[in-house]
Amino acid sequence: MEFVDSHLPRRIEGWRSPILGLPMPIVSYGDRGHPVLLFPTAAADFLENERFFLIKAVEPAIFAGRIRLFSIDSINRVAWMDRGLGVPEQARRQNLYARYVEEEVVPYIRHACGDAHVRTAVTGASFGAFHAANAIFRRPDLFDGLIAMSGFYDLEQDYLGGYSDDNVYYNNPAWYLPGLGGRYLELLQHTCRIVIVTGQGQWEAPQHSRQLSALLNSKSIPHVLDVWGHDVSHDWPWWRRMLPHHLGTLGL
């Protein structure tokens, strides 16, 4: 089976990120529709979602012109997943990655779409769900939809070891969401569509999704919490079902 349909508009570009100091590729699928930014899992690259047929799972929405999908690299391998680094440096690199998304990827997407003001939906599975959630909760003026699949939303237990600074605080949704107010809170409450979806089977951790849902409820941020069954594992076959299903929930 082909990773993607040969007729699907597909374009690979990239640049050396001034913020990260790294070559950062980006691939787009489709040529019209609402932009959707897709983050990879764990330490994976920008083509991981294609290799595991997640792009193929949403091809009908792309061909129909409902969405235009963009996929980027992770830098987790040189940040949170590099245990040779101290937590302060891991957090500094995480903050640089968030800035790269906001200051480089968003303008690229807006230029590609021919709309200097369009807001982008975000999605990802596992660690990709963390990055997607962090993107929209940090900057709901740039992002307007979230499908977070099988994710976690608090770095404290597995990555921080008791450490905290501004780089950690402003990139850890479980910490900064409780104090969020003003325009960004209003945007999340009134203009964003949010879905948190998880299974309850092997390798899943549905408590993380429930905890995020409770936090959003405490801030009166509307969202859908969708907990799938105990047969649903933390794996690609289920994410290939979740994403197309919940594009419909977002109206895409």
# chains A, B, ... in the order shown; residues from 1 in each chain; ligands from 1
$ select_by_dssp --residues "segment 95-185 of chain A" --states "alpha helix (DSSP H)" --output "number ranges by chain"
A: 95-100, 106-113, 127-138, 166-169, 173-176, 182-185
$ write_last_selection --atoms "N, CA and C atoms" --output "short mmCIF file (atom, residue, chain, number, x, y, z; two decimals), in the first residue's frame"
data_model
loop_
_atom_site.label_atom_id
_atom_site.label_comp_id
_atom_site.auth_asym_id
_atom_site.auth_seq_id
_atom_site.Cartn_x
_atom_site.Cartn_y
_atom_site.Cartn_z
N ASN A 95 11.07 25.49 25.23
CA ASN A 95 10.55 26.84 25.00
C ASN A 95 10.93 27.34 23.61
N LEU A 96 12.15 27.02 23.16
CA LEU A 96 12.56 27.39 21.81
C LEU A 96 11.67 26.69 20.77
N TYR A 97 11.32 25.44 21.03
CA TYR A 97 10.46 24.71 20.09
C TYR A 97 9.08 25.36 20.01
N ALA A 98 8.53 25.73 21.16
CA ALA A 98 7.24 26.40 21.15
C ALA A 98 7.31 27.71 20.37
N ARG A 99 8.39 28.44 20.54
CA ARG A 99 8.57 29.69 19.78
C ARG A 99 8.72 29.41 18.29
N TYR A 100 9.46 28.36 17.93
CA TYR A 100 9.58 27.98 16.52
C TYR A 100 8.21 27.73 15.90
N VAL A 106 3.73 28.98 12.06
CA VAL A 106 2.45 29.67 11.82
C VAL A 106 2.56 30.64 10.65
N PRO A 107 3.58 31.51 10.57
CA PRO A 107 3.67 32.38 9.38
C PRO A 107 3.82 31.59 8.08
N TYR A 108 4.54 30.47 8.11
CA TYR A 108 4.65 29.63 6.92
C TYR A 108 3.28 29.13 6.49
N ILE A 109 2.51 28.62 7.44
CA ILE A 109 1.18 28.10 7.12
C ILE A 109 0.29 29.21 6.58
N ARG A 110 0.32 30.36 7.21
CA ARG A 110 -0.52 31.47 6.75
C ARG A 110 -0.14 31.90 5.33
N HIS A 111 1.16 31.93 5.05
CA HIS A 111 1.59 32.27 3.69
C HIS A 111 1.13 31.22 2.69
N ALA A 112 1.28 29.93 3.06
CA ALA A 112 0.86 28.85 2.16
C ALA A 112 -0.63 28.90 1.89
N CYS A 113 -1.40 29.31 2.89
CA CYS A 113 -2.86 29.37 2.75
C CYS A 113 -3.33 30.68 2.13
N PHE A 127 3.14 11.97 22.79
CA PHE A 127 3.87 13.21 23.04
C PHE A 127 3.42 14.31 22.08
N GLY A 128 2.97 13.92 20.89
CA GLY A 128 2.44 14.90 19.95
C GLY A 128 1.20 15.58 20.48
N ALA A 129 0.40 14.87 21.28
CA ALA A 129 -0.78 15.48 21.89
C ALA A 129 -0.37 16.55 22.89
N PHE A 130 0.71 16.28 23.63
CA PHE A 130 1.22 17.31 24.55
C PHE A 130 1.58 18.58 23.79
N HIS A 131 2.36 18.44 22.73
CA HIS A 131 2.78 19.62 21.97
C HIS A 131 1.59 20.35 21.35
N ALA A 132 0.63 19.59 20.84
CA ALA A 132 -0.55 20.22 20.24
C ALA A 132 -1.33 20.99 21.29
N ALA A 133 -1.55 20.38 22.45
CA ALA A 133 -2.28 21.05 23.52
C ALA A 133 -1.52 22.29 24.00
N ASN A 134 -0.22 22.16 24.16
CA ASN A 134 0.58 23.30 24.60
C ASN A 134 0.48 24.45 23.60
N ALA A 135 0.45 24.12 22.32
CA ALA A 135 0.36 25.16 21.29
C ALA A 135 -0.92 25.98 21.43
N ILE A 136 -2.05 25.30 21.51
CA ILE A 136 -3.32 26.04 21.53
C ILE A 136 -3.54 26.74 22.87
N PHE A 137 -3.12 26.13 23.97
CA PHE A 137 -3.35 26.77 25.26
C PHE A 137 -2.42 27.97 25.47
N ARG A 138 -1.22 27.93 24.89
CA ARG A 138 -0.32 29.08 24.95
C ARG A 138 -0.82 30.22 24.06
N ASP A 166 10.61 29.62 34.44
CA ASP A 166 9.61 30.15 33.52
C ASP A 166 9.49 29.30 32.26
N ASN A 167 10.59 28.73 31.78
CA ASN A 167 10.52 27.87 30.59
C ASN A 167 9.65 26.65 30.84
N VAL A 168 9.75 26.10 32.04
CA VAL A 168 8.90 24.97 32.40
C VAL A 168 7.46 25.45 32.58
N TYR A 169 7.29 26.47 33.39
CA TYR A 169 5.94 26.90 33.76
C TYR A 169 5.09 27.21 32.54
N PRO A 173 1.01 22.78 30.49
CA PRO A 173 -0.39 23.21 30.61
C PRO A 173 -0.98 23.01 32.00
N ALA A 174 -0.61 21.94 32.68
CA ALA A 174 -1.16 21.69 34.01
C ALA A 174 -0.80 22.80 35.00
N TRP A 175 0.28 23.53 34.71
CA TRP A 175 0.70 24.60 35.61
C TRP A 175 0.14 25.96 35.20
N TYR A 176 0.19 26.28 33.90
CA TYR A 176 -0.21 27.65 33.55
C TYR A 176 -1.70 27.82 33.29
N GLY A 182 -7.92 36.79 30.99
CA GLY A 182 -7.87 37.78 29.93
C GLY A 182 -8.29 37.25 28.57
N ARG A 183 -7.72 37.85 27.54
CA ARG A 183 -8.13 37.58 26.16
C ARG A 183 -7.91 36.12 25.78
N TYR A 184 -6.79 35.54 26.19
CA TYR A 184 -6.53 34.15 25.80
C TYR A 184 -7.57 33.20 26.39
N LEU A 185 -7.95 33.43 27.63
CA LEU A 185 -9.00 32.60 28.23
C LEU A 185 -10.31 32.79 27.47
#
$ residues_around --residues "Glu186 of chain A" --least-positions-apart "2" --cutoff "12 Å" --atoms "only C-alpha atoms" --output "PDB file with C-alpha atoms, in the first residue's frame"
ATOM      1  CA  PHE A 137      -3.353  26.771  25.261  1.00  0.00           C
ATOM      2  CA  ARG A 139      -1.591  30.899  21.846  1.00  0.00           C
ATOM      3  CA  PRO A 140      -5.304  30.563  21.113  1.00  0.00           C
ATOM      4  CA  ASP A 141      -4.941  33.671  18.967  1.00  0.00           C
ATOM      5  CA  LEU A 180      -4.924  31.834  32.648  1.00  0.00           C
ATOM      6  CA  GLY A 181      -7.139  34.879  32.223  1.00  0.00           C
ATOM      7  CA  GLY A 182      -7.868  37.777  29.927  1.00  0.00           C
ATOM      8  CA  ARG A 183      -8.125  37.576  26.164  1.00  0.00           C
ATOM      9  CA  TYR A 184      -6.530  34.149  25.796  1.00  0.00           C
ATOM     10  CA  LEU A 188     -10.450  29.408  24.505  1.00  0.00           C
ATOM     11  CA  GLN A 189     -13.907  29.769  26.010  1.00  0.00           C
ATOM     12  CA  HIS A 190     -15.642  31.186  22.949  1.00  0.00           C
ATOM     13  CA  THR A 191     -13.716  30.547  19.716  1.00  0.00           C
ATOM     14  CA  CYS A 192     -11.831  27.244  20.064  1.00  0.00           C
ATOM     15  CA  LYS A 219     -11.836  27.391  33.639  1.00  0.00           C
ATOM     16  CA  SER A 220     -15.210  27.062  31.862  1.00  0.00           C
ATOM     17  CA  ILE A 221     -13.463  26.070  28.624  1.00  0.00           C
ATOM     18  CA  PRO A 222     -15.848  23.976  26.487  1.00  0.00           C
TER      19      PRO A 222
END
$ atom_distance --atom1 "atom CA of Met24 of chain A" --atom2 "atom CA of Arg241 of chain A"
28.4 Å
$ closest_residue --among "A:Trp236, A:Tyr163, A:Trp80, A:Tyr170" --to "Ser150 of chain A" --atoms "only C-alpha atoms"
A:Trp236
$ closest_residue --among "A:Ile72, A:Ala44, A:Ala79, A:Val58" --to "Val4 of chain A" --atoms "only C-alpha atoms"
A:Val58
$ residues_around --residues "Gly199 of chain A" --least-positions-apart "6" --cutoff "7 Å" --atoms "only C-alpha atoms" --output "list of chain:residue names"
A:Ser150, A:Pro206, A:Val227, A:Trp228, A:Gly229, A:His230, A:Val232, A:Ser233
$ residues_around --residues "segment 6-23 of chain A" --least-positions-apart "3" --cutoff "10 Å" --atoms "only C-alpha atoms" --output "ChimeraX atom specification"
/A:2-3,26-32,46-47,56,59,62-63,68-73,75,93-101,103-105,108
$ write_last_selection --atoms "C-alpha atoms" --output "short mmCIF file (atom, residue, chain, number, x, y, z; two decimals), in the first residue's frame"
data_model
loop_
_atom_site.label_atom_id
_atom_site.label_comp_id
_atom_site.auth_asym_id
_atom_site.auth_seq_id
_atom_site.Cartn_x
_atom_site.Cartn_y
_atom_site.Cartn_z
CA GLU A 2 1.20 3.51 -0.80
CA PHE A 3 1.77 5.75 2.21
CA ILE A 26 7.74 20.58 6.89
CA VAL A 27 5.40 18.60 4.66
CA SER A 28 1.96 19.69 3.52
CA TYR A 29 -0.89 17.63 2.12
CA GLY A 30 -3.67 19.23 0.12
CA ASP A 31 -4.01 22.69 -1.38
CA ARG A 32 -7.12 24.13 0.27
CA PHE A 46 7.88 15.03 10.15
CA LEU A 47 7.08 12.00 7.97
CA LYS A 56 -4.07 8.13 4.52
CA GLU A 59 -7.24 11.61 2.89
CA ILE A 62 -8.00 16.46 2.35
CA PHE A 63 -9.32 15.51 -1.10
CA ARG A 68 -4.97 21.18 4.51
CA LEU A 69 -2.53 19.22 6.67
CA PHE A 70 0.97 20.27 7.72
CA SER A 71 3.41 18.01 9.60
CA ILE A 72 6.66 19.04 11.32
CA ASP A 73 9.59 17.49 13.17
CA ILE A 75 12.93 17.98 18.79
CA ARG A 93 14.91 23.84 24.34
CA GLN A 94 11.21 23.12 24.81
CA ASN A 95 10.55 26.84 25.00
CA LEU A 96 12.56 27.39 21.81
CA TYR A 97 10.46 24.71 20.09
CA ALA A 98 7.24 26.40 21.15
CA ARG A 99 8.57 29.69 19.78
CA TYR A 100 9.58 27.98 16.52
CA VAL A 101 6.00 26.76 16.10
CA GLU A 103 7.00 32.44 15.15
CA GLU A 104 8.09 30.33 12.16
CA VAL A 105 5.60 27.56 11.42
CA TYR A 108 4.65 29.63 6.92
#
$ select_by_dssp --residues "segment 118-216 of chain A" --states "strand (DSSP E)" --output "count of residues only"
19
$ closest_residue --among "A:Met149, A:Leu215, A:Val224, A:Leu142" --to "Leu187 of chain A" --atoms "only C-alpha atoms"
A:Leu142
$ closest_residue --among "A:Trp238, A:Tyr159, A:Phe143, A:Trp203" --to "Pro35 of chain A" --atoms "only C-alpha atoms"
A:Phe143
